[in-house]
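Printed here is entry-v1.txt (compact mmCIF, N, CA and C atoms and all ligand atoms):
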# COMPACT_ATOMS: atom_id res chain seq x y z
N MET A 235 -3.50 10.19 16.33
CA MET A 235 -3.07 9.68 15.03
C MET A 235 -2.87 10.79 14.01
N THR A 236 -3.05 12.05 14.45
CA THR A 236 -3.04 13.15 13.50
C THR A 236 -1.66 13.41 12.91
N GLU A 237 -0.61 12.85 13.53
CA GLU A 237 0.73 13.06 12.99
C GLU A 237 1.08 12.05 11.90
N CYS A 238 0.21 11.09 11.67
CA CYS A 238 0.51 10.07 10.66
C CYS A 238 0.24 10.62 9.26
N ILE A 239 1.28 10.58 8.42
CA ILE A 239 1.17 11.16 7.08
C ILE A 239 0.12 10.43 6.24
N PHE A 240 0.01 9.12 6.41
CA PHE A 240 -0.97 8.38 5.60
C PHE A 240 -2.39 8.61 6.13
N CYS A 241 -2.56 8.81 7.43
CA CYS A 241 -3.88 9.21 7.94
C CYS A 241 -4.28 10.55 7.35
N LYS A 242 -3.30 11.43 7.20
CA LYS A 242 -3.59 12.75 6.62
C LYS A 242 -3.98 12.63 5.15
N ILE A 243 -3.36 11.71 4.45
CA ILE A 243 -3.74 11.47 3.04
C ILE A 243 -5.18 10.95 2.99
N VAL A 244 -5.51 9.99 3.86
CA VAL A 244 -6.88 9.45 3.89
C VAL A 244 -7.88 10.58 4.17
N ALA A 245 -7.51 11.48 5.08
CA ALA A 245 -8.40 12.57 5.47
C ALA A 245 -8.44 13.70 4.44
N GLY A 246 -7.57 13.62 3.42
CA GLY A 246 -7.52 14.67 2.41
C GLY A 246 -6.81 15.92 2.90
N GLU A 247 -6.05 15.76 3.98
CA GLU A 247 -5.37 16.93 4.56
C GLU A 247 -4.05 17.23 3.87
N ILE A 248 -3.46 16.22 3.23
CA ILE A 248 -2.31 16.49 2.37
C ILE A 248 -2.58 15.82 1.02
N PRO A 249 -2.08 16.43 -0.06
CA PRO A 249 -2.44 15.94 -1.39
C PRO A 249 -1.77 14.62 -1.73
N SER A 250 -2.46 13.84 -2.53
CA SER A 250 -1.87 12.61 -3.07
C SER A 250 -2.57 12.33 -4.39
N HIS A 251 -1.91 11.51 -5.20
CA HIS A 251 -2.56 11.07 -6.45
C HIS A 251 -3.32 9.78 -6.11
N THR A 252 -4.55 9.98 -5.66
CA THR A 252 -5.36 8.83 -5.23
C THR A 252 -5.96 8.14 -6.45
N VAL A 253 -5.85 6.82 -6.48
CA VAL A 253 -6.38 6.05 -7.61
C VAL A 253 -7.57 5.18 -7.22
N TYR A 254 -7.80 5.05 -5.92
CA TYR A 254 -8.93 4.24 -5.46
C TYR A 254 -9.23 4.62 -4.02
N SER A 255 -10.52 4.65 -3.68
CA SER A 255 -10.87 4.77 -2.27
C SER A 255 -12.27 4.22 -2.05
N ASP A 256 -12.46 3.64 -0.89
CA ASP A 256 -13.79 3.23 -0.45
C ASP A 256 -13.85 3.44 1.06
N GLU A 257 -14.81 2.82 1.71
CA GLU A 257 -15.00 3.09 3.14
C GLU A 257 -13.85 2.58 4.01
N THR A 258 -13.12 1.60 3.52
CA THR A 258 -12.10 0.98 4.38
C THR A 258 -10.68 1.08 3.84
N VAL A 259 -10.54 1.38 2.55
CA VAL A 259 -9.22 1.33 1.90
C VAL A 259 -9.01 2.55 1.00
N THR A 260 -7.75 3.02 0.96
CA THR A 260 -7.36 4.08 0.02
C THR A 260 -6.09 3.65 -0.70
N ALA A 261 -5.99 3.99 -1.97
CA ALA A 261 -4.79 3.67 -2.75
C ALA A 261 -4.33 4.92 -3.48
N PHE A 262 -3.01 5.15 -3.45
CA PHE A 262 -2.46 6.36 -4.08
C PHE A 262 -1.06 6.04 -4.59
N ARG A 263 -0.60 6.86 -5.54
CA ARG A 263 0.72 6.60 -6.13
C ARG A 263 1.84 6.98 -5.16
N ASP A 264 2.85 6.12 -5.11
CA ASP A 264 4.00 6.36 -4.23
C ASP A 264 4.73 7.63 -4.70
N ILE A 265 5.15 8.42 -3.74
CA ILE A 265 5.83 9.69 -4.03
C ILE A 265 7.22 9.44 -4.65
N ASN A 266 7.75 8.26 -4.45
CA ASN A 266 9.09 7.91 -4.92
C ASN A 266 9.05 6.56 -5.65
N PRO A 267 8.43 6.54 -6.83
CA PRO A 267 8.17 5.24 -7.49
C PRO A 267 9.44 4.53 -7.92
N VAL A 268 9.44 3.22 -7.78
CA VAL A 268 10.59 2.41 -8.19
C VAL A 268 10.29 1.65 -9.49
N ALA A 269 9.12 1.87 -10.04
CA ALA A 269 8.71 1.20 -11.28
C ALA A 269 7.58 2.03 -11.90
N PRO A 270 7.25 1.78 -13.18
CA PRO A 270 6.19 2.57 -13.83
C PRO A 270 4.88 2.58 -13.04
N THR A 271 4.52 1.44 -12.45
CA THR A 271 3.39 1.42 -11.51
C THR A 271 3.94 1.21 -10.11
N HIS A 272 3.65 2.13 -9.23
CA HIS A 272 4.01 1.96 -7.81
C HIS A 272 2.91 2.65 -7.00
N ILE A 273 2.02 1.81 -6.49
CA ILE A 273 0.84 2.30 -5.77
C ILE A 273 0.90 1.75 -4.35
N LEU A 274 0.50 2.58 -3.40
CA LEU A 274 0.39 2.15 -2.01
C LEU A 274 -1.08 1.95 -1.67
N ILE A 275 -1.41 0.80 -1.13
CA ILE A 275 -2.79 0.48 -0.77
C ILE A 275 -2.84 0.35 0.74
N ILE A 276 -3.66 1.17 1.36
CA ILE A 276 -3.63 1.26 2.83
C ILE A 276 -5.02 1.12 3.43
N PRO A 277 -5.10 0.59 4.65
CA PRO A 277 -6.38 0.65 5.36
C PRO A 277 -6.63 2.10 5.79
N ASN A 278 -7.88 2.53 5.74
CA ASN A 278 -8.19 3.90 6.18
C ASN A 278 -7.94 4.06 7.68
N LYS A 279 -8.18 3.00 8.43
CA LYS A 279 -7.93 3.08 9.87
C LYS A 279 -6.43 2.92 10.15
N HIS A 280 -5.99 3.54 11.21
CA HIS A 280 -4.56 3.51 11.52
C HIS A 280 -4.17 2.18 12.17
N ILE A 281 -3.40 1.40 11.42
CA ILE A 281 -2.76 0.19 11.95
C ILE A 281 -1.28 0.38 11.63
N GLU A 282 -0.42 0.29 12.63
CA GLU A 282 0.99 0.67 12.41
C GLU A 282 1.73 -0.28 11.47
N ALA A 283 1.48 -1.56 11.65
CA ALA A 283 2.26 -2.55 10.91
C ALA A 283 1.55 -3.89 10.99
N VAL A 284 2.02 -4.84 10.20
CA VAL A 284 1.44 -6.19 10.27
C VAL A 284 1.53 -6.72 11.70
N SER A 285 2.61 -6.38 12.37
CA SER A 285 2.81 -6.83 13.76
C SER A 285 1.67 -6.39 14.68
N ASP A 286 1.02 -5.31 14.30
CA ASP A 286 -0.06 -4.76 15.14
C ASP A 286 -1.45 -5.08 14.61
N LEU A 287 -1.51 -5.94 13.62
CA LEU A 287 -2.80 -6.22 12.99
C LEU A 287 -3.72 -7.00 13.94
N PRO A 288 -4.86 -6.43 14.29
CA PRO A 288 -5.79 -7.18 15.13
C PRO A 288 -6.45 -8.31 14.32
N GLU A 289 -6.74 -9.41 14.98
CA GLU A 289 -7.36 -10.54 14.29
C GLU A 289 -8.66 -10.12 13.61
N GLU A 290 -9.36 -9.18 14.23
CA GLU A 290 -10.65 -8.74 13.66
C GLU A 290 -10.48 -8.04 12.31
N ASP A 291 -9.24 -7.68 11.95
CA ASP A 291 -9.01 -6.99 10.68
C ASP A 291 -8.47 -7.91 9.59
N GLU A 292 -8.61 -9.21 9.79
CA GLU A 292 -8.19 -10.17 8.75
C GLU A 292 -8.85 -9.88 7.41
N GLN A 293 -10.14 -9.60 7.46
CA GLN A 293 -10.91 -9.36 6.24
C GLN A 293 -10.44 -8.07 5.54
N LEU A 294 -10.11 -7.09 6.34
CA LEU A 294 -9.59 -5.83 5.81
C LEU A 294 -8.30 -6.07 5.04
N MET A 295 -7.44 -6.94 5.56
CA MET A 295 -6.19 -7.27 4.86
C MET A 295 -6.48 -7.94 3.54
N GLY A 296 -7.46 -8.83 3.54
CA GLY A 296 -7.86 -9.48 2.28
C GLY A 296 -8.33 -8.44 1.27
N HIS A 297 -9.02 -7.45 1.76
CA HIS A 297 -9.54 -6.40 0.88
C HIS A 297 -8.39 -5.62 0.23
N LEU A 298 -7.30 -5.40 0.98
CA LEU A 298 -6.14 -4.72 0.37
C LEU A 298 -5.68 -5.48 -0.88
N PHE A 299 -5.73 -6.80 -0.79
CA PHE A 299 -5.24 -7.61 -1.92
C PHE A 299 -6.22 -7.62 -3.10
N THR A 300 -7.52 -7.61 -2.82
CA THR A 300 -8.46 -7.58 -3.96
C THR A 300 -8.46 -6.20 -4.62
N VAL A 301 -8.19 -5.16 -3.85
CA VAL A 301 -8.02 -3.83 -4.45
C VAL A 301 -6.75 -3.83 -5.31
N ALA A 302 -5.69 -4.46 -4.83
CA ALA A 302 -4.45 -4.56 -5.61
C ALA A 302 -4.72 -5.27 -6.94
N GLN A 303 -5.47 -6.34 -6.89
CA GLN A 303 -5.81 -7.10 -8.10
C GLN A 303 -6.56 -6.21 -9.10
N LYS A 304 -7.53 -5.46 -8.61
CA LYS A 304 -8.32 -4.57 -9.46
C LYS A 304 -7.43 -3.46 -10.07
N LEU A 305 -6.56 -2.89 -9.25
CA LEU A 305 -5.70 -1.82 -9.74
C LEU A 305 -4.68 -2.34 -10.75
N ALA A 306 -4.20 -3.57 -10.54
CA ALA A 306 -3.27 -4.17 -11.50
C ALA A 306 -3.95 -4.32 -12.86
N GLU A 307 -5.21 -4.69 -12.86
CA GLU A 307 -5.98 -4.77 -14.12
C GLU A 307 -6.03 -3.38 -14.77
N GLU A 308 -6.39 -2.39 -13.98
CA GLU A 308 -6.53 -1.03 -14.51
C GLU A 308 -5.21 -0.48 -15.04
N GLU A 309 -4.13 -0.87 -14.40
CA GLU A 309 -2.79 -0.38 -14.79
C GLU A 309 -2.24 -1.15 -15.99
N GLY A 310 -2.92 -2.23 -16.36
CA GLY A 310 -2.48 -3.04 -17.49
C GLY A 310 -1.30 -3.95 -17.18
N ILE A 311 -1.16 -4.31 -15.91
CA ILE A 311 -0.02 -5.16 -15.53
C ILE A 311 -0.47 -6.51 -14.96
N ALA A 312 -1.76 -6.80 -15.09
CA ALA A 312 -2.25 -8.05 -14.52
C ALA A 312 -1.61 -9.25 -15.21
N GLU A 313 -1.40 -9.16 -16.52
CA GLU A 313 -0.83 -10.28 -17.28
C GLU A 313 0.69 -10.30 -17.18
N SER A 314 1.31 -9.14 -17.25
CA SER A 314 2.78 -9.09 -17.24
C SER A 314 3.33 -9.41 -15.86
N GLY A 315 2.53 -9.15 -14.83
CA GLY A 315 2.93 -9.50 -13.47
C GLY A 315 3.27 -8.28 -12.63
N TYR A 316 3.29 -8.51 -11.37
CA TYR A 316 3.56 -7.42 -10.44
C TYR A 316 4.01 -7.99 -9.11
N ARG A 317 4.56 -7.12 -8.30
CA ARG A 317 5.06 -7.54 -6.98
C ARG A 317 4.26 -6.80 -5.92
N LEU A 318 3.90 -7.53 -4.87
CA LEU A 318 3.20 -6.96 -3.71
C LEU A 318 4.12 -7.09 -2.51
N ILE A 319 4.39 -5.96 -1.86
CA ILE A 319 5.35 -5.95 -0.75
C ILE A 319 4.73 -5.25 0.45
N ILE A 320 4.91 -5.85 1.62
CA ILE A 320 4.61 -5.16 2.88
C ILE A 320 5.87 -5.20 3.71
N ASN A 321 6.42 -4.03 4.00
CA ASN A 321 7.57 -3.95 4.90
C ASN A 321 7.08 -3.86 6.33
N ASN A 322 7.69 -4.64 7.20
CA ASN A 322 7.28 -4.66 8.60
C ASN A 322 8.50 -4.48 9.50
N GLY A 323 8.62 -3.27 10.08
CA GLY A 323 9.67 -3.04 11.06
C GLY A 323 11.00 -2.61 10.47
N PRO A 324 11.95 -2.30 11.35
CA PRO A 324 13.23 -1.68 10.95
C PRO A 324 14.07 -2.50 9.98
N ASP A 325 14.21 -3.80 10.18
CA ASP A 325 15.06 -4.58 9.28
C ASP A 325 14.48 -4.64 7.86
N ALA A 326 13.19 -4.45 7.75
CA ALA A 326 12.54 -4.45 6.43
C ALA A 326 12.48 -3.04 5.84
N ASN A 327 13.08 -2.08 6.56
CA ASN A 327 13.06 -0.67 6.13
C ASN A 327 11.66 -0.10 6.04
N GLN A 328 10.78 -0.49 6.96
CA GLN A 328 9.49 0.21 7.03
C GLN A 328 9.76 1.63 7.49
N VAL A 329 9.33 2.59 6.68
CA VAL A 329 9.59 4.01 6.97
C VAL A 329 8.34 4.70 7.50
N VAL A 330 7.20 4.33 6.92
CA VAL A 330 5.94 4.94 7.34
C VAL A 330 5.17 3.90 8.17
N PHE A 331 4.87 4.27 9.40
CA PHE A 331 4.24 3.32 10.31
C PHE A 331 2.72 3.44 10.28
N HIS A 332 2.22 3.24 9.08
CA HIS A 332 0.79 3.02 8.81
C HIS A 332 0.81 1.93 7.76
N LEU A 333 0.34 0.77 8.13
CA LEU A 333 0.44 -0.42 7.28
C LEU A 333 0.08 -0.10 5.82
N HIS A 334 0.91 -0.56 4.89
CA HIS A 334 0.64 -0.32 3.47
C HIS A 334 1.19 -1.46 2.63
N LEU A 335 0.44 -1.72 1.57
CA LEU A 335 0.81 -2.74 0.58
C LEU A 335 1.32 -2.02 -0.66
N HIS A 336 2.58 -2.31 -1.03
CA HIS A 336 3.13 -1.74 -2.26
C HIS A 336 2.69 -2.60 -3.44
N LEU A 337 2.12 -1.98 -4.46
CA LEU A 337 1.82 -2.65 -5.73
C LEU A 337 2.81 -2.09 -6.75
N ILE A 338 3.71 -2.95 -7.22
CA ILE A 338 4.82 -2.50 -8.07
C ILE A 338 4.83 -3.33 -9.35
N GLY A 339 4.89 -2.65 -10.50
CA GLY A 339 4.93 -3.39 -11.75
C GLY A 339 5.22 -2.47 -12.93
N GLY A 340 5.19 -3.09 -14.12
CA GLY A 340 5.44 -2.33 -15.34
C GLY A 340 6.87 -2.44 -15.82
N ARG A 341 7.65 -3.24 -15.13
CA ARG A 341 9.02 -3.54 -15.60
C ARG A 341 9.41 -4.91 -15.05
N LYS A 342 10.41 -5.52 -15.70
CA LYS A 342 10.92 -6.80 -15.23
C LYS A 342 11.71 -6.58 -13.93
N MET A 343 11.38 -7.35 -12.93
CA MET A 343 12.08 -7.20 -11.65
C MET A 343 13.09 -8.32 -11.42
N LYS A 344 14.07 -7.98 -10.59
CA LYS A 344 15.08 -8.99 -10.25
C LYS A 344 14.52 -9.92 -9.18
N TYR A 345 15.08 -11.10 -9.14
CA TYR A 345 14.68 -12.05 -8.11
C TYR A 345 15.84 -12.22 -7.12
N PRO A 346 15.61 -12.14 -5.80
CA PRO A 346 14.31 -11.98 -5.17
C PRO A 346 13.89 -10.51 -5.02
N MET A 347 14.83 -9.56 -5.09
CA MET A 347 14.46 -8.16 -4.87
C MET A 347 15.09 -7.30 -5.95
N GLY A 348 14.60 -6.06 -6.04
CA GLY A 348 15.21 -5.06 -6.92
C GLY A 348 14.52 -4.89 -8.25
P1 LIG B 401 7.97 1.72 3.48
O1 LIG B 401 9.46 1.59 3.39
O2 LIG B 401 7.29 0.40 3.12
O3 LIG B 401 7.51 2.30 4.80
O4 LIG B 401 7.58 2.73 2.31
C1 LIG B 401 6.96 3.95 2.50
C2 LIG B 401 6.65 4.51 1.14
O5 LIG B 401 5.83 5.64 1.30
C3 LIG B 401 7.87 4.97 0.33
O6 LIG B 401 7.96 4.20 -0.86
C4 LIG B 401 7.60 6.44 0.02
C5 LIG B 401 6.13 6.59 0.30
N1 LIG B 401 5.75 7.88 0.85
C6 LIG B 401 6.24 8.46 1.98
N2 LIG B 401 5.65 9.64 2.20
C7 LIG B 401 4.74 9.80 1.20
C8 LIG B 401 3.79 10.83 0.89
O7 LIG B 401 3.66 11.84 1.58
N3 LIG B 401 3.04 10.64 -0.22
C9 LIG B 401 3.15 9.52 -1.00
N4 LIG B 401 2.35 9.44 -2.08
N5 LIG B 401 4.02 8.54 -0.73
C10 LIG B 401 4.80 8.67 0.35

Take the structure in the file and give it back as C-alpha cells.
Ligand code: DGP
Amino acid sequence: MTECIFCKIVAGEIPSHTVYSDETVTAFRDINPVAPTHILIIPNKHIEAVSDLPEEDEQLMGHLFTVAQKLAEEEGIAESGYRLIINNGPDANQVVFHLHLHLIGGRKMKYPMG
C-alpha cells in the first residue's frame, strides 16, 4: 500500500494541510479546491473504494460522516449547507483509489452538480 498517496499523507510521509485526525480517520484540505471549504475525509486504513468496503467497516464509514459534521461546524458552513461526495470508480471520475469523502461548502452550488 506504500504507493498510495493518501496512505502516505496518513503516515506523514508527504505534506498535507491536515485539519483533523484520530486513530481511524484523517481529514485534510484538497490540493485542488472547488469551493472555499474543500476537505477530504479518509479512513486511515487503505480501502480502495466504496465497492471494496468490508461490512465490518460500516461503523468506520459512519465515523467519516460525523467527522464531516464536526468539520462543517468548525468551517462555519453547518448552517449555510454543504455537499458530501464520494466518487466510486471510473464513471464517477474517482482519481485516487483510497476511499475519501469530499466535504465541500462556502458557496452556493448548482443542482445537481457543479
Ligand atoms: P476523486 O476524483 O474523488 O478521486 O478526487 C481526488 C481528490 O484528491 C481531488 O480533488 C484532488 C485531491 N488530491 C489528489 N492528490 C492530492 C494530494 O497529494 N494532496 C491533497 N491534499 N489532495 C490531493

Contacts to ligand LIG 401 (chain B) at 5 Å cut-off (all atoms listed in the file) as a short mmCIF file (atom, residue, chain, number, x, y, z; two decimals) with N, CA and C atoms, in the frame of the given file:
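This went into result.cif:
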data_model
loop_
_atom_site.label_atom_id
_atom_site.label_comp_id
_atom_site.auth_asym_id
_atom_site.auth_seq_id
_atom_site.Cartn_x
_atom_site.Cartn_y
_atom_site.Cartn_z
N ARG A 263 -0.60 6.86 -5.54
CA ARG A 263 0.72 6.60 -6.13
C ARG A 263 1.84 6.98 -5.16
N ASP A 264 2.85 6.12 -5.11
CA ASP A 264 4.00 6.36 -4.23
C ASP A 264 4.73 7.63 -4.70
N ILE A 265 5.15 8.42 -3.74
CA ILE A 265 5.83 9.69 -4.03
C ILE A 265 7.22 9.44 -4.65
N ASN A 266 7.75 8.26 -4.45
CA ASN A 266 9.09 7.91 -4.92
C ASN A 266 9.05 6.56 -5.65
N ASN A 321 6.42 -4.03 4.00
CA ASN A 321 7.57 -3.95 4.90
C ASN A 321 7.08 -3.86 6.33
N ASN A 327 13.08 -2.08 6.56
CA ASN A 327 13.06 -0.67 6.13
C ASN A 327 11.66 -0.10 6.04
N GLN A 328 10.78 -0.49 6.96
CA GLN A 328 9.49 0.21 7.03
C GLN A 328 9.76 1.63 7.49
N VAL A 329 9.33 2.59 6.68
CA VAL A 329 9.59 4.01 6.97
C VAL A 329 8.34 4.70 7.50
N VAL A 330 7.20 4.33 6.92
CA VAL A 330 5.94 4.94 7.34
C VAL A 330 5.17 3.90 8.17
#

How many Å lie between CA of Glu290 (chain A) and CA of Pro277 (chain A), rounded to one decimal? 13.2 Å

Go through A:Glu247, A:Glu282, A:Glu292, A:Glu237 and flag the residue nearest Ile320 (chain A), using only C-alpha atoms for the distances.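 Looking at the shortest contact to Ile320 (chain A), the residue is A:Glu282.
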
Could you pull out the strand (DSSP E) residues of region 254-330 of chain A, going by DSSP on the backbone, and write them as a list in words?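 Checking each residue of region 254-330 of chain A, the strand (DSSP E) ones are Tyr254, Ser255, Val259, Thr260, Ala261, Phe262, Arg263, Thr271, His272, Ile273, Leu274, Ile275, Ile276, Pro277, Tyr316, Arg317, Leu318 and Ile319 of chain A.
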
Two-atom distance - atom N of Ile273 (chain A), atom C of Glu289 (chain A) (Å):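 So the answer is 25.7 Å.
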
Out of region 246-340 of chain A, which residues get alpha helix (DSSP H) from DSSP, as a list in words?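 Of region 246-340 of chain A, only Glu292, Gln293, Leu294, Met295, Gly296, His297, Leu298, Phe299, Thr300, Val301, Ala302, Gln303, Lys304, Leu305, Ala306, Glu307, Glu308 and Glu309 of chain A fall in alpha helix (DSSP H).
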
If you keep N, CA and C atoms, can you produce a file of those selected residues as an mmCIF file, keeping the file's coordinate frame?
data_model
loop_
_atom_site.group_PDB
_atom_site.id
_atom_site.type_symbol
_atom_site.label_atom_id
_atom_site.label_comp_id
_atom_site.auth_asym_id
_atom_site.auth_seq_id
_atom_site.Cartn_x
_atom_site.Cartn_y
_atom_site.Cartn_z
ATOM 1 N N GLU A 292 -8.610 -9.210 9.790
ATOM 2 C CA GLU A 292 -8.190 -10.170 8.750
ATOM 3 C C GLU A 292 -8.850 -9.880 7.410
ATOM 4 N N GLN A 293 -10.140 -9.600 7.460
ATOM 5 C CA GLN A 293 -10.910 -9.360 6.240
ATOM 6 C C GLN A 293 -10.440 -8.070 5.540
ATOM 7 N N LEU A 294 -10.110 -7.090 6.340
ATOM 8 C CA LEU A 294 -9.590 -5.830 5.810
ATOM 9 C C LEU A 294 -8.300 -6.070 5.040
ATOM 10 N N MET A 295 -7.440 -6.940 5.560
ATOM 11 C CA MET A 295 -6.190 -7.270 4.860
ATOM 12 C C MET A 295 -6.480 -7.940 3.540
ATOM 13 N N GLY A 296 -7.460 -8.830 3.540
ATOM 14 C CA GLY A 296 -7.860 -9.480 2.280
ATOM 15 C C GLY A 296 -8.330 -8.440 1.270
ATOM 16 N N HIS A 297 -9.020 -7.450 1.760
ATOM 17 C CA HIS A 297 -9.540 -6.400 0.880
ATOM 18 C C HIS A 297 -8.390 -5.620 0.230
ATOM 19 N N LEU A 298 -7.300 -5.400 0.980
ATOM 20 C CA LEU A 298 -6.140 -4.720 0.370
ATOM 21 C C LEU A 298 -5.680 -5.480 -0.880
ATOM 22 N N PHE A 299 -5.730 -6.800 -0.790
ATOM 23 C CA PHE A 299 -5.240 -7.610 -1.920
ATOM 24 C C PHE A 299 -6.220 -7.620 -3.100
ATOM 25 N N THR A 300 -7.520 -7.610 -2.820
ATOM 26 C CA THR A 300 -8.460 -7.580 -3.960
ATOM 27 C C THR A 300 -8.460 -6.200 -4.620
ATOM 28 N N VAL A 301 -8.190 -5.160 -3.850
ATOM 29 C CA VAL A 301 -8.020 -3.830 -4.450
ATOM 30 C C VAL A 301 -6.750 -3.830 -5.310
ATOM 31 N N ALA A 302 -5.690 -4.460 -4.830
ATOM 32 C CA ALA A 302 -4.450 -4.560 -5.610
ATOM 33 C C ALA A 302 -4.720 -5.270 -6.940
ATOM 34 N N GLN A 303 -5.470 -6.340 -6.890
ATOM 35 C CA GLN A 303 -5.810 -7.100 -8.100
ATOM 36 C C GLN A 303 -6.560 -6.210 -9.100
ATOM 37 N N LYS A 304 -7.530 -5.460 -8.610
ATOM 38 C CA LYS A 304 -8.320 -4.570 -9.460
ATOM 39 C C LYS A 304 -7.430 -3.460 -10.070
ATOM 40 N N LEU A 305 -6.560 -2.890 -9.250
ATOM 41 C CA LEU A 305 -5.700 -1.820 -9.740
ATOM 42 C C LEU A 305 -4.680 -2.340 -10.750
ATOM 43 N N ALA A 306 -4.200 -3.570 -10.540
ATOM 44 C CA ALA A 306 -3.270 -4.170 -11.500
ATOM 45 C C ALA A 306 -3.950 -4.320 -12.860
ATOM 46 N N GLU A 307 -5.210 -4.690 -12.860
ATOM 47 C CA GLU A 307 -5.980 -4.770 -14.120
ATOM 48 C C GLU A 307 -6.030 -3.380 -14.770
ATOM 49 N N GLU A 308 -6.390 -2.390 -13.980
ATOM 50 C CA GLU A 308 -6.530 -1.030 -14.510
ATOM 51 C C GLU A 308 -5.210 -0.480 -15.040
ATOM 52 N N GLU A 309 -4.130 -0.870 -14.400
ATOM 53 C CA GLU A 309 -2.790 -0.380 -14.790
ATOM 54 C C GLU A 309 -2.240 -1.150 -15.990
#

Interatomic distance (Å, one decimal) between atom N of Thr271 (chain A) and atom C of Ile243 (chain A):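 Going from atom N of Thr271 (chain A) over to atom C of Ile243 (chain A), I get 20.6 Å.
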
Pick the closest to Tyr345 (chain A) from A:Val244, A:Arg317, A:Ser285, A:Asn322: which is it, counting only C-alpha atoms?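 Among A:Val244, A:Arg317, A:Ser285, A:Asn322, it is A:Arg317 that comes nearest to Tyr345 (chain A).
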
Between A:Pro346, A:Phe331, A:Val253, A:Pro288, which one has atoms that come closest to Ala306 (chain A), using only C-alpha atoms?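 Among A:Pro346, A:Phe331, A:Val253, A:Pro288, it is A:Val253 that comes nearest to Ala306 (chain A).
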
For each of A:Leu274, A:Leu337, A:Met347, A:Cys241, take the minimum atom-to-atom distance to Thr260 (chain A), counting all atoms listed in the file, then give the residue where this is smallest.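 Of the candidates, the smallest distance to Thr260 (chain A) is held by A:Leu274.
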
Mind checking which residues fall within 7 Å of Ile281 (chain A), counting only N, CA and C atoms, ignoring those fewer than 3 positions away in the same chain, and posting them as a compact mmCIF listing (two decimals) with N, CA and C atoms, in the coordinates of the input?
# COMPACT_ATOMS: atom_id res chain seq x y z
N PRO A 277 -5.10 0.59 4.65
CA PRO A 277 -6.38 0.65 5.36
C PRO A 277 -6.63 2.10 5.79
N ASN A 278 -7.88 2.53 5.74
CA ASN A 278 -8.19 3.90 6.18
C ASN A 278 -7.94 4.06 7.68
N VAL A 284 2.02 -4.84 10.20
CA VAL A 284 1.44 -6.19 10.27
C VAL A 284 1.53 -6.72 11.70
N ASP A 286 1.02 -5.31 14.30
CA ASP A 286 -0.06 -4.76 15.14
C ASP A 286 -1.45 -5.08 14.61
N LEU A 287 -1.51 -5.94 13.62
CA LEU A 287 -2.80 -6.22 12.99
C LEU A 287 -3.72 -7.00 13.94
N PHE A 331 4.87 4.27 9.40
CA PHE A 331 4.24 3.32 10.31
C PHE A 331 2.72 3.44 10.28
N HIS A 332 2.22 3.24 9.08
CA HIS A 332 0.79 3.02 8.81
C HIS A 332 0.81 1.93 7.76
N LEU A 333 0.34 0.77 8.13
CA LEU A 333 0.44 -0.42 7.28
C LEU A 333 0.08 -0.10 5.82

Out of A:Ile319, A:Leu294, A:Ile338, A:Ile248, which residue has the shortest atom-to-atom distance to Pro270 (chain A) when counting all atoms listed in the file?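 Using all atoms listed in the file, Pro270 (chain A) sits closest to A:Ile338.
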
Counting only C-alpha atoms, which of A:Gly340, A:Gly296, A:Gly348, A:Gly246 gets nearest to Glu313 (chain A)?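 For Glu313 (chain A), the nearest of the given residues is A:Gly340.
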